[in-house]
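Report on the following structure.
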Amino acid sequence: MSDGGGTGRVLAVDWGQRRFGVAVSDPSRLIAQPLVTLTRRPKQRAPVAAVLALITRHDIAEVVVGLPLTPEGEEGAAARAARDFGAALVRRSGRPVTFWDERLSTARALRAAREAGVKDRDSRGRIDQMAAVVILQSWLDAQARAETGGPRERGTDGS
């Protein structure tokens, strides 16, 4: 849905059934940092309005949504729900949305948290934010490589 060649802050969402980790880039799109964790109760809709408020508050130009693929790289129910969430963001914000493979992002965030001495049970929200940071930093790095002509990782949207 996006060519990724723009300017301005990028917001990333680590889509989840109960929690959505959110990260934001700096305006130059070099560094991702954790922002917030959004939660929802079972059977409630994804927090589109809360993400729209963050888009406005942080002057976001583009959104990256983590796509929860199966270990085999296929899309299941969670990926379809993440795509529906992203489509709602496009409709309601007018901002471009890119889907990015989020496999291993939570595992990387857990490993980083453990290395920093953070206990799992006390840090679920922070781990979700760090997973969003992993997704966003991976995307930012891929965009930088594409701009400089270097090797590039592929996202799930063909970018």
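Labels used: A, B, ... for chains in the order of the structure tokens, numbers from 1 for residues in each chain, and numbers from 1 for ligands as shown.
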
Skip Ala61 in chain A itself and residues of its chain fewer than 4 positions away, then list as a VMD selection string all residues within 12 Å of it, counting only C-alpha atoms. chain A and resid 2 4 to 12 24 to 29 52 54 to 57 90 93 to 98

Would you pick out the contacts of Arg103 in chain A at 12 Å or less, using only C-alpha atoms, so that residues sharing its chain but fewer than 5 positions from it are not included, and give the list as a PDB file with C-alpha atoms, in the first residue's frame?
ATOM      1  CA  ASP A  14       2.542  -4.780  16.757  1.00  0.00           C
ATOM      2  CA  TRP A  15      -0.947  -6.174  16.224  1.00  0.00           C
ATOM      3  CA  GLY A  66       3.074  -5.979  11.855  1.00  0.00           C
ATOM      4  CA  LEU A  67       1.627  -8.915   9.956  1.00  0.00           C
ATOM      5  CA  PRO A  68       1.381 -12.038  12.144  1.00  0.00           C
ATOM      6  CA  LEU A  69       2.245 -14.791   9.683  1.00  0.00           C
ATOM      7  CA  THR A  70       2.435 -18.472  10.527  1.00  0.00           C
ATOM      8  CA  PRO A  71       5.933 -19.970  10.975  1.00  0.00           C
ATOM      9  CA  GLU A  72       5.607 -21.178   7.363  1.00  0.00           C
ATOM     10  CA  GLY A  73       5.011 -17.602   6.181  1.00  0.00           C
ATOM     11  CA  GLU A  74       1.325 -18.031   5.430  1.00  0.00           C
ATOM     12  CA  GLU A  75      -1.549 -15.775   6.396  1.00  0.00           C
ATOM     13  CA  ALA A  79      -3.061 -11.841   9.589  1.00  0.00           C
ATOM     14  CA  ARG A 108      13.595 -10.605  19.793  1.00  0.00           C
ATOM     15  CA  ALA A 109      11.848  -8.217  22.174  1.00  0.00           C
ATOM     16  CA  ALA A 131       8.151  -5.812  19.453  1.00  0.00           C
ATOM     17  CA  ALA A 132       6.733  -2.739  17.669  1.00  0.00           C
ATOM     18  CA  VAL A 134      11.714  -4.329  16.258  1.00  0.00           C
ATOM     19  CA  ILE A 135       9.117  -4.219  13.456  1.00  0.00           C
ATOM     20  CA  SER A 138      13.466  -3.493  10.534  1.00  0.00           C
ATOM     21  CA  GLY A 155       8.239  -7.051   3.565  1.00  0.00           C
ATOM     22  CA  THR A 156       5.047  -8.946   2.987  1.00  0.00           C
TER      23      THR A 156
END

Using DSSP assignments from the backbone, pull out every residue in chain A that falls under alpha helix (DSSP H) and give it to me as an NGL selection string. :A and (48-57 or 77-93 or 105-115 or 124-148)

Of the candidates A:Ala81, A:Ala46, A:Val36, A:Ala146, which one gets nearest to Gly21 in chain A if we count only C-alpha atoms? A:Val36

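Per DSSP on the backbone, strand (DSSP E or B) in range 3-42 of chain A comprises Arg9, Val10, Leu11, Ala12, Val13, Asp14, Arg19, Phe20, Gly21, Val22, Ala23, Val24, Ser25, Ala32, Gln33, Pro34, Leu35, Val36, Thr37, Leu38 and Thr39 of chain A.
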
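Here CA of Arg124 in chain A and CA of Asp141 in chain A stand 25.6 Å from one another.
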
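For the residues A:Arg91, A:Arg18, A:Arg111, A:His58, ranking by smallest atom-to-atom distance to Thr37 in chain A using only C-alpha atoms places A:Arg18 first.
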